[in-house]
Amino acid sequence: MMKRYWIFIAILVIVFYYYEHRLNEAKANEDVLMELYQSKNNSGYITLLKEGHSFKPLAQTLEDLSQVTNQVPPAKVQKLLDQAKVQAKDATQYLTTLIEFSDNYISTSKPRYMIEYDHSVMTSAKQKEVYQLAYGSGLYGLMYGISHHYWKDKPKLIPQETQTVLASIAKELRALDKTLASYKTSTDHQLQWGDERSMEQLKSIILNEMRPHFEKIVEFKDEINF
């Protein structure tokens, strides 16, 4: 009986160490996979930031719209409005994608913050908040509304209050463009030296730098009532 007991204990020990070994092996594979994903994520982030979107064309279109008068042919104004809608959609797509690539791996964080309306996954509360701000500061809906009212109203005019807001948003877009452009040199350094910790710090800093621009644009948008 005692012999069977010790055989049973031995089997349990062997099974325990076997599964512990498999668990450690799986954990090591997961760590390697996470490192590879982090490297790919950082590389994509650098490419997006370094070779990314310019907000100057959209800013210029908004400035043009802020200066139109009743002497400008409606067809020309509508062309500007349609152009602004396309540029605004592209700008929002770029910004939300850049923020999606701002994942933080410093504290072995796991993807968990999902945005309900487009199923984007985040790794930090700050990343999620800035993403929502970027989404909320998107100008496509605003330009669509201005376009709709322009054709419905008689005479066809963009109200002075709306033009003032467009000019303010254009100024903020140029400031945002300047902010992001100032970090392109930093990404060159990160790409050359591969400092992952500095890369995560850079992402966090840029999120902080973008936030005030989005907040101001949201405030400007709120001044227009349709």
# chains A, B, ... in the order shown; residues from 1 in each chain; ligands from 1

$ closest_atom_pairs --of "segment 37-152 of chain A" --to "segment 206-221 of chain A" --cutoff "6 Å" --atoms "only C-alpha atoms" --output "Markdown table"
| residue | atom | partner | partner_atom | distance |
| --- | --- | --- | --- | --- |
| A:Leu133 | CA | A:Phe214 | CA | 5.9 |
| A:Ala134 | CA | A:Phe214 | CA | 5.8 |
| A:Ser137 | CA | A:Val218 | CA | 5.0 |

$ write_last_selection --atoms "C-alpha atoms" --output "JSON list (two decimals), in the first residue's frame"
[["chain", "number", "residue", "atom", "x", "y", "z"],
["A", 133, "LEU", "CA", -10.91, 63.71, -28.14],
["A", 134, "ALA", "CA", -9.37, 63.27, -31.59],
["A", 137, "SER", "CA", -12.57, 67.04, -32.86]]

$ select_by_dssp --residues "segment 27-195 of chain A" --states "alpha helix (DSSP H)" --output "MDAnalysis selection string"
chainID A and resid 27:50 56:66 74:100 125:136 140:152 160:181 184:193

$ residues_around --residues "segment 157-168 of chain A" --least-positions-apart "2" --cutoff "7 Å" --atoms "only C-alpha atoms" --output "ChimeraX atom specification"
/A:62-63,65-66,70,150,155,170-172,220,224

$ write_last_selection --atoms "all heavy atoms" --output "short mmCIF file (atom, residue, chain, number, x, y, z; two decimals), in the first residue's frame"
data_model
loop_
_atom_site.label_atom_id
_atom_site.label_comp_id
_atom_site.auth_asym_id
_atom_site.auth_seq_id
_atom_site.Cartn_x
_atom_site.Cartn_y
_atom_site.Cartn_z
N LEU A 62 -10.13 75.77 -44.96
CA LEU A 62 -10.99 76.42 -43.96
C LEU A 62 -10.79 77.93 -43.98
O LEU A 62 -11.76 78.70 -43.83
CB LEU A 62 -10.71 75.87 -42.57
CG LEU A 62 -11.00 74.37 -42.35
CD1 LEU A 62 -10.79 74.00 -40.89
CD2 LEU A 62 -12.40 74.01 -42.79
N GLU A 63 -9.55 78.36 -44.16
CA GLU A 63 -9.28 79.79 -44.24
C GLU A 63 -9.96 80.40 -45.47
O GLU A 63 -10.51 81.51 -45.40
CB GLU A 63 -7.78 80.04 -44.28
CG GLU A 63 -7.10 79.80 -42.93
CD GLU A 63 -5.58 79.86 -43.02
OE1 GLU A 63 -5.06 80.01 -44.15
OE2 GLU A 63 -4.92 79.76 -41.97
N LEU A 65 -12.67 79.31 -46.88
CA LEU A 65 -14.10 79.37 -46.59
C LEU A 65 -14.43 80.49 -45.61
O LEU A 65 -15.52 81.07 -45.66
CB LEU A 65 -14.57 78.03 -46.01
CG LEU A 65 -14.67 76.88 -47.01
CD1 LEU A 65 -14.82 75.55 -46.28
CD2 LEU A 65 -15.86 77.09 -47.96
N SER A 66 -13.49 80.80 -44.73
CA SER A 66 -13.74 81.86 -43.76
C SER A 66 -13.73 83.25 -44.39
O SER A 66 -14.13 84.23 -43.75
CB SER A 66 -12.70 81.80 -42.63
OG SER A 66 -11.43 82.27 -43.09
N ASN A 70 -20.56 87.00 -50.59
CA ASN A 70 -21.69 86.69 -51.46
C ASN A 70 -21.37 86.94 -52.93
O ASN A 70 -22.19 86.68 -53.80
CB ASN A 70 -22.93 87.49 -51.05
CG ASN A 70 -22.67 89.00 -51.06
OD1 ASN A 70 -21.56 89.45 -51.38
ND2 ASN A 70 -23.68 89.76 -50.70
N TYR A 150 -25.72 75.59 -46.22
CA TYR A 150 -25.37 76.55 -47.28
C TYR A 150 -26.33 76.41 -48.45
O TYR A 150 -26.81 77.41 -49.00
CB TYR A 150 -23.93 76.31 -47.74
CG TYR A 150 -23.50 77.23 -48.85
CD1 TYR A 150 -23.19 78.56 -48.60
CD2 TYR A 150 -23.42 76.78 -50.17
CE1 TYR A 150 -22.80 79.42 -49.62
CE2 TYR A 150 -23.04 77.62 -51.20
CZ TYR A 150 -22.73 78.94 -50.92
OH TYR A 150 -22.36 79.78 -51.94
N PRO A 155 -30.45 83.93 -48.97
CA PRO A 155 -29.42 83.65 -49.98
C PRO A 155 -28.36 82.68 -49.45
O PRO A 155 -28.26 82.46 -48.26
CB PRO A 155 -28.83 85.04 -50.25
CG PRO A 155 -28.99 85.75 -48.94
CD PRO A 155 -30.32 85.28 -48.40
N ALA A 170 -8.74 76.63 -38.29
CA ALA A 170 -7.61 76.57 -39.23
C ALA A 170 -6.31 76.92 -38.51
O ALA A 170 -5.27 76.27 -38.71
CB ALA A 170 -7.85 77.53 -40.38
N LYS A 171 -6.36 77.94 -37.67
CA LYS A 171 -5.17 78.34 -36.91
C LYS A 171 -4.71 77.21 -35.98
O LYS A 171 -3.52 76.94 -35.85
CB LYS A 171 -5.48 79.60 -36.11
CG LYS A 171 -4.29 80.15 -35.34
CD LYS A 171 -4.67 81.44 -34.61
CE LYS A 171 -3.47 81.99 -33.82
NZ LYS A 171 -3.83 83.24 -33.10
N GLU A 172 -5.68 76.54 -35.35
CA GLU A 172 -5.33 75.45 -34.44
C GLU A 172 -4.78 74.25 -35.19
O GLU A 172 -3.89 73.54 -34.69
CB GLU A 172 -6.56 75.05 -33.63
CG GLU A 172 -6.25 74.26 -32.38
CD GLU A 172 -5.35 75.02 -31.42
OE1 GLU A 172 -5.55 76.24 -31.23
OE2 GLU A 172 -4.43 74.39 -30.85
N PHE A 220 -14.23 75.14 -30.28
CA PHE A 220 -14.62 75.96 -31.43
C PHE A 220 -15.85 75.37 -32.12
O PHE A 220 -16.77 76.11 -32.50
CB PHE A 220 -13.47 76.05 -32.43
CG PHE A 220 -12.28 76.83 -31.92
CD1 PHE A 220 -10.98 76.41 -32.19
CD2 PHE A 220 -12.46 77.99 -31.18
CE1 PHE A 220 -9.89 77.13 -31.73
CE2 PHE A 220 -11.36 78.72 -30.73
CZ PHE A 220 -10.09 78.28 -31.00
N ILE A 224 -20.73 76.58 -32.97
CA ILE A 224 -21.62 76.58 -34.14
C ILE A 224 -22.87 75.77 -33.81
O ILE A 224 -22.80 74.60 -33.45
CB ILE A 224 -20.92 75.98 -35.38
CG1 ILE A 224 -19.69 76.82 -35.74
CG2 ILE A 224 -21.87 75.91 -36.55
CD1 ILE A 224 -18.91 76.29 -36.93
#

$ closest_residue --among "A:Ala125, A:Val68, A:Asp103, A:Ala75" --to "Leu202 of chain A" --atoms "only C-alpha atoms"
A:Asp103

$ residues_around --residues "segment 119-121 of chain A" --least-positions-apart "3" --cutoff "10 Å" --atoms "only C-alpha atoms" --output "JSON, numbers by chain"
{"A": [96, 97, 100, 101, 103, 110, 111, 112, 113, 114, 115, 116, 124, 127, 128, 131]}

$ residues_around --residues "segment 139-147 of chain A" --least-positions-apart "3" --cutoff "6 Å" --atoms "only C-alpha atoms" --output "PyMOL selection string"
chain A and resi 85+88-89+150

$ closest_residue --among "A:Gln60, A:Asn42, A:Thr179, A:Asn225" --to "Ser102 of chain A" --atoms "only C-alpha atoms"
A:Asn42

$ decode --residues "segment 46-77 of chain A" --atoms "C-alpha atoms" --output "mmCIF file, in the first residue's frame"
data_model
loop_
_atom_site.group_PDB
_atom_site.id
_atom_site.type_symbol
_atom_site.label_atom_id
_atom_site.label_comp_id
_atom_site.auth_asym_id
_atom_site.auth_seq_id
_atom_site.Cartn_x
_atom_site.Cartn_y
_atom_site.Cartn_z
ATOM 1 C CA ILE A 46 7.547 56.065 -36.236
ATOM 2 C CA THR A 47 6.536 55.715 -39.883
ATOM 3 C CA LEU A 48 3.145 57.333 -39.266
ATOM 4 C CA LEU A 49 4.686 60.232 -37.385
ATOM 5 C CA LYS A 50 7.670 60.798 -39.639
ATOM 6 C CA GLU A 51 5.980 60.428 -43.017
ATOM 7 C CA GLY A 52 2.455 61.237 -41.934
ATOM 8 C CA HIS A 53 -0.325 63.629 -42.682
ATOM 9 C CA SER A 54 -0.087 67.397 -43.174
ATOM 10 C CA PHE A 55 -2.965 69.487 -41.825
ATOM 11 C CA LYS A 56 -1.969 72.576 -43.792
ATOM 12 C CA PRO A 57 -4.167 71.837 -46.851
ATOM 13 C CA LEU A 58 -7.257 71.466 -44.642
ATOM 14 C CA ALA A 59 -6.310 74.606 -42.728
ATOM 15 C CA GLN A 60 -5.965 76.494 -46.012
ATOM 16 C CA THR A 61 -9.374 75.295 -47.220
ATOM 17 C CA LEU A 62 -10.991 76.420 -43.963
ATOM 18 C CA GLU A 63 -9.282 79.793 -44.245
ATOM 19 C CA ASP A 64 -10.582 80.158 -47.792
ATOM 20 C CA LEU A 65 -14.100 79.368 -46.587
ATOM 21 C CA SER A 66 -13.744 81.857 -43.757
ATOM 22 C CA GLN A 67 -13.163 84.609 -46.320
ATOM 23 C CA VAL A 68 -15.817 83.890 -48.965
ATOM 24 C CA THR A 69 -18.363 86.603 -49.664
ATOM 25 C CA ASN A 70 -21.685 86.692 -51.465
ATOM 26 C CA GLN A 71 -19.729 87.652 -54.563
ATOM 27 C CA VAL A 72 -18.188 84.180 -54.801
ATOM 28 C CA PRO A 73 -20.158 81.787 -57.078
ATOM 29 C CA PRO A 74 -22.025 79.129 -55.037
ATOM 30 C CA ALA A 75 -20.486 76.356 -57.132
ATOM 31 C CA LYS A 76 -17.004 77.487 -56.078
ATOM 32 C CA VAL A 77 -18.018 77.635 -52.437
#
